[in-house]
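Visitor: Mind having a look at this structure? Questions to follow.
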Amino acid sequence: MALAERAEAADEVPVGAVLVVDGAIVGEGWNCPIGGCDPTAHAEIQALRSAAQACRNYRLPKSTLYVTLEPCAMCLGAMIHARVERLVFAAYEPRAGAVVSQLQLLDQPHFNHHMEWLGGVMREESSALLKNFFRRRRGKK
């Protein structure tokens with residue numbers, strides 16, 4: 001949640017992510033596509049990049065990625081390629097969620113890697129942060 005708040009402070013959609021291996025955080029990220037002029041700079045991608053550098057490996061087996069919002073297709077694809085073992089997310093993303101809300105990508109049998117997932121952990125806190133962010137943003141216009 002603190003990383004999501006960091007994104008919010010930069011006027012980015014408040015999403016934060018950490019990647020954990022053996023109980024230790026090896027990567028972290030927050031949304032920064034606007035400030036970084038990078039459409040791929042979602043929190044999950046930033047956490048994967050950070051962890052891959054720290055572990056000196058583009059594969060991240062036996063890892064768990066925690067994120068404050070259900071991942072989109074791009075982020076989920078990156079997690080599959082990185083061989084993340086487990087995904088835990090907070091709020092569901094009804095418009096673009098690729099785990100359960102829209103695409104159910106992790107249920108597809110054709111991927112060469114499958115990961116466990118759990119959704120709804122700290123859902124209320126994350127949803128409130130997102131709703132308040134967008135409420136304030138609409139109020140600015």
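Every chain in the structure tokens has a letter given in the order shown (A, B, ...), and although residue numbers restart at 1 in each chain, ligands are simply numbered from 1 in the order shown.
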Within 8 Å of segment 15-38 of chain A, which residues of segment 56-128 of chain A show up? Give each one with its shortest atom-to-atom distance in Å (one decimal) and the two atoms involved, counting only C-alpha atoms, rows by chain then rising residue number, as a Markdown table.
Guide:
| residue | atom | partner | partner_atom | distance |
| --- | --- | --- | --- | --- |
| A:Lys62 | CA | A:Val21 | CA | 6.3 |
| A:Ser63 | CA | A:Val21 | CA | 4.7 |
| A:Thr64 | CA | A:Val20 | CA | 5.2 |
| A:Leu65 | CA | A:Leu19 | CA | 4.4 |
| A:Tyr66 | CA | A:Val18 | CA | 5.3 |
| A:Val67 | CA | A:Ala17 | CA | 4.2 |
| A:Thr68 | CA | A:Val15 | CA | 5.6 |
| A:Leu69 | CA | A:Val15 | CA | 6.4 |
Visitor: Since we have the selection now, will you write its residues out, keeping N, CA and C atoms, as a compact mmCIF listing (two decimals), in the first residue's frame?
Guide:
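Now in result-v7.txt:
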# COMPACT_ATOMS: atom_id res chain seq x y z
N LYS A 62 9.89 -19.69 -7.63
CA LYS A 62 9.64 -19.70 -6.19
C LYS A 62 9.39 -18.31 -5.63
N SER A 63 8.84 -17.43 -6.47
CA SER A 63 8.56 -16.06 -6.03
C SER A 63 7.05 -15.84 -5.92
N THR A 64 6.71 -14.84 -5.13
CA THR A 64 5.32 -14.40 -4.99
C THR A 64 5.28 -12.92 -5.30
N LEU A 65 4.37 -12.53 -6.17
CA LEU A 65 4.18 -11.12 -6.47
C LEU A 65 2.91 -10.65 -5.78
N TYR A 66 3.05 -9.62 -4.95
CA TYR A 66 1.92 -9.00 -4.25
C TYR A 66 1.65 -7.66 -4.92
N VAL A 67 0.40 -7.41 -5.29
CA VAL A 67 0.07 -6.15 -5.97
C VAL A 67 -1.29 -5.67 -5.48
N THR A 68 -1.47 -4.37 -5.49
CA THR A 68 -2.69 -3.79 -4.93
C THR A 68 -3.88 -3.82 -5.87
N LEU A 69 -3.70 -4.25 -7.13
CA LEU A 69 -4.79 -4.30 -8.10
C LEU A 69 -4.61 -5.52 -9.00
Visitor: Counting only C-alpha atoms, what is within 12 Å of segment 90-105 of chain A, bar same-chain residues fewer than 6 positions away, as a compact mmCIF listing (two decimals) with N, CA, C and O atoms, in the first residue's frame?
Guide:
# COMPACT_ATOMS: atom_id res chain seq x y z
N MET A 1 0.83 -1.19 0.00
CA MET A 1 0.00 0.00 0.00
C MET A 1 0.87 1.26 0.00
O MET A 1 0.51 2.23 -0.64
N ALA A 4 1.81 2.04 -3.51
CA ALA A 4 0.67 2.62 -4.23
C ALA A 4 0.53 4.09 -3.87
O ALA A 4 0.28 4.93 -4.74
N PRO A 14 -2.73 4.86 -8.30
CA PRO A 14 -2.07 4.29 -7.12
C PRO A 14 -2.08 2.76 -7.09
O PRO A 14 -2.98 2.14 -6.52
N VAL A 15 -1.06 2.19 -7.69
CA VAL A 15 -0.86 0.75 -7.66
C VAL A 15 0.58 0.50 -7.26
O VAL A 15 1.50 1.14 -7.78
N GLY A 16 0.78 -0.44 -6.33
CA GLY A 16 2.11 -0.81 -5.88
C GLY A 16 2.27 -2.31 -5.89
O GLY A 16 1.28 -3.05 -5.79
N ALA A 17 3.52 -2.77 -6.03
CA ALA A 17 3.79 -4.21 -6.09
C ALA A 17 5.13 -4.53 -5.45
O ALA A 17 6.06 -3.72 -5.52
N LEU A 65 4.37 -12.53 -6.17
CA LEU A 65 4.18 -11.12 -6.47
C LEU A 65 2.91 -10.65 -5.78
O LEU A 65 1.84 -11.24 -5.97
N TYR A 66 3.05 -9.62 -4.95
CA TYR A 66 1.92 -9.00 -4.25
C TYR A 66 1.65 -7.66 -4.92
O TYR A 66 2.58 -6.87 -5.12
N VAL A 67 0.40 -7.41 -5.29
CA VAL A 67 0.07 -6.15 -5.97
C VAL A 67 -1.29 -5.67 -5.48
O VAL A 67 -2.16 -6.47 -5.12
N THR A 68 -1.47 -4.37 -5.49
CA THR A 68 -2.69 -3.79 -4.93
C THR A 68 -3.88 -3.82 -5.87
O THR A 68 -4.99 -3.47 -5.47
N LEU A 69 -3.70 -4.25 -7.13
CA LEU A 69 -4.79 -4.30 -8.10
C LEU A 69 -4.61 -5.52 -9.00
O LEU A 69 -3.49 -5.85 -9.40
N GLU A 70 -5.70 -6.17 -9.34
CA GLU A 70 -5.67 -7.31 -10.26
C GLU A 70 -4.91 -6.92 -11.54
O GLU A 70 -5.22 -5.91 -12.16
N PRO A 71 -3.93 -7.71 -11.93
CA PRO A 71 -3.11 -7.37 -13.09
C PRO A 71 -3.86 -7.37 -14.42
O PRO A 71 -4.83 -8.09 -14.62
N CYS A 72 -3.33 -6.58 -15.35
CA CYS A 72 -3.81 -6.55 -16.72
C CYS A 72 -3.12 -7.68 -17.50
O CYS A 72 -2.24 -8.37 -16.98
N ALA A 73 -3.50 -7.84 -18.76
CA ALA A 73 -2.93 -8.91 -19.60
C ALA A 73 -1.43 -8.75 -19.78
O ALA A 73 -0.68 -9.74 -19.74
N MET A 74 -0.95 -7.53 -19.97
CA MET A 74 0.48 -7.29 -20.16
C MET A 74 1.28 -7.75 -18.93
O MET A 74 2.26 -8.49 -19.05
N CYS A 75 0.83 -7.34 -17.77
CA CYS A 75 1.54 -7.68 -16.54
C CYS A 75 1.48 -9.17 -16.25
O CYS A 75 2.46 -9.77 -15.83
N LEU A 76 0.33 -9.75 -16.48
CA LEU A 76 0.19 -11.18 -16.25
C LEU A 76 1.09 -11.97 -17.20
O LEU A 76 1.74 -12.94 -16.79
N GLY A 77 1.18 -11.54 -18.45
CA GLY A 77 2.08 -12.18 -19.41
C GLY A 77 3.53 -12.11 -18.95
O GLY A 77 4.27 -13.09 -19.04
N MET A 79 4.56 -11.89 -15.86
CA MET A 79 4.71 -12.78 -14.71
C MET A 79 4.85 -14.23 -15.16
O MET A 79 5.64 -14.98 -14.60
N ILE A 80 4.09 -14.61 -16.17
CA ILE A 80 4.19 -15.97 -16.70
C ILE A 80 5.58 -16.20 -17.28
O ILE A 80 6.22 -17.21 -17.00
N PHE A 111 -0.56 -22.07 -21.82
CA PHE A 111 0.67 -21.47 -21.29
C PHE A 111 1.60 -22.57 -20.76
O PHE A 111 1.14 -23.56 -20.21
N HIS A 113 3.59 -22.22 -18.32
CA HIS A 113 3.81 -22.01 -16.89
C HIS A 113 2.47 -21.65 -16.26
O HIS A 113 1.69 -20.89 -16.82
N HIS A 114 2.21 -22.19 -15.11
CA HIS A 114 0.97 -21.89 -14.39
C HIS A 114 1.32 -21.40 -12.99
O HIS A 114 2.28 -21.87 -12.39
N MET A 115 0.56 -20.44 -12.52
CA MET A 115 0.82 -19.90 -11.18
C MET A 115 -0.44 -19.95 -10.33
O MET A 115 -1.55 -19.87 -10.84
N GLU A 116 -0.22 -20.08 -9.05
CA GLU A 116 -1.31 -19.99 -8.09
C GLU A 116 -1.68 -18.52 -7.93
O GLU A 116 -0.84 -17.65 -8.16
N TRP A 117 -2.90 -18.26 -7.50
CA TRP A 117 -3.27 -16.87 -7.24
C TRP A 117 -4.32 -16.80 -6.14
O TRP A 117 -5.04 -17.75 -5.89
N LEU A 118 -4.35 -15.63 -5.53
CA LEU A 118 -5.31 -15.32 -4.49
C LEU A 118 -5.69 -13.86 -4.67
O LEU A 118 -4.82 -12.98 -4.74
N GLY A 119 -6.97 -13.58 -4.76
CA GLY A 119 -7.44 -12.20 -4.93
C GLY A 119 -8.25 -11.73 -3.74
O GLY A 119 -8.81 -12.53 -2.99
N GLY A 120 -8.32 -10.43 -3.57
CA GLY A 120 -9.15 -9.83 -2.54
C GLY A 120 -8.47 -9.54 -1.22
O GLY A 120 -9.11 -9.06 -0.30
N VAL A 121 -7.17 -9.80 -1.12
CA VAL A 121 -6.43 -9.52 0.12
C VAL A 121 -6.26 -8.01 0.25
O VAL A 121 -5.73 -7.36 -0.66
N MET A 122 -6.74 -7.43 1.32
CA MET A 122 -6.73 -5.97 1.55
C MET A 122 -7.52 -5.24 0.47
O MET A 122 -7.19 -4.12 0.07
N ARG A 123 -8.56 -5.88 0.00
CA ARG A 123 -9.40 -5.34 -1.08
C ARG A 123 -9.98 -3.97 -0.73
O ARG A 123 -9.96 -3.05 -1.55
N GLU A 124 -10.54 -3.84 0.46
CA GLU A 124 -11.21 -2.59 0.83
C GLU A 124 -10.24 -1.41 0.85
O GLU A 124 -10.55 -0.34 0.33
N GLU A 125 -9.07 -1.61 1.44
CA GLU A 125 -8.09 -0.54 1.53
C GLU A 125 -7.62 -0.10 0.14
O GLU A 125 -7.53 1.09 -0.16
N SER A 126 -7.32 -1.07 -0.70
CA SER A 126 -6.84 -0.75 -2.05
C SER A 126 -7.94 -0.10 -2.88
O SER A 126 -7.70 0.88 -3.59
N SER A 127 -9.15 -0.63 -2.80
CA SER A 127 -10.27 -0.05 -3.54
C SER A 127 -10.54 1.39 -3.11
O SER A 127 -10.79 2.26 -3.95
N ALA A 128 -10.47 1.65 -1.83
CA ALA A 128 -10.70 3.01 -1.32
C ALA A 128 -9.64 3.97 -1.85
O ALA A 128 -9.96 5.09 -2.26
N LEU A 129 -8.38 3.54 -1.87
CA LEU A 129 -7.30 4.38 -2.38
C LEU A 129 -7.55 4.72 -3.85
O LEU A 129 -7.43 5.88 -4.27
N LEU A 130 -7.92 3.73 -4.64
CA LEU A 130 -8.18 3.95 -6.07
C LEU A 130 -9.41 4.84 -6.28
O LEU A 130 -9.36 5.79 -7.08
N LYS A 131 -10.49 4.56 -5.57
CA LYS A 131 -11.71 5.37 -5.73
C LYS A 131 -11.46 6.82 -5.35
O LYS A 131 -11.89 7.74 -6.06
Visitor: Give the helix (DSSP H, G or I) residues of segment 25-94 of chain A, as DSSP finds them on the backbone, and put them as a PyMOL selection string.
Guide: chain A and resi 43-55+73-82
Visitor: Go ahead and compute the interatomic distance for atom CA of Pro39 of chain A and atom CA of Ala7 of chain A, in Å to one decimal.
Guide: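 Distance between the two atoms: 14.6 Å.
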Visitor: Calculate how many Å separate atom CA of Arg83 of chain A from atom CA of Ala43 of chain A, rounding to one decimal.
Guide: 17.2 Å
Visitor: Looking only at the backbone, which of the residues in segment 24-59 of chain A does DSSP tag as strand (DSSP E), as a list of chain:residue names?
Guide: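 Output for segment 24-59 of chain A, strand (DSSP E) only: A:Ala24, A:Ile25, A:Val26, A:Gly27, A:Glu28, A:Gly29, A:Trp30.
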Visitor: Work out how far apart atom CA of Ala41 of chain A and atom CA of Pro109 of chain A are and give it in Å to one decimal.
Guide: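 If I compute the distance from atom CA of Ala41 of chain A to atom CA of Pro109 of chain A, I get 27.7 Å.
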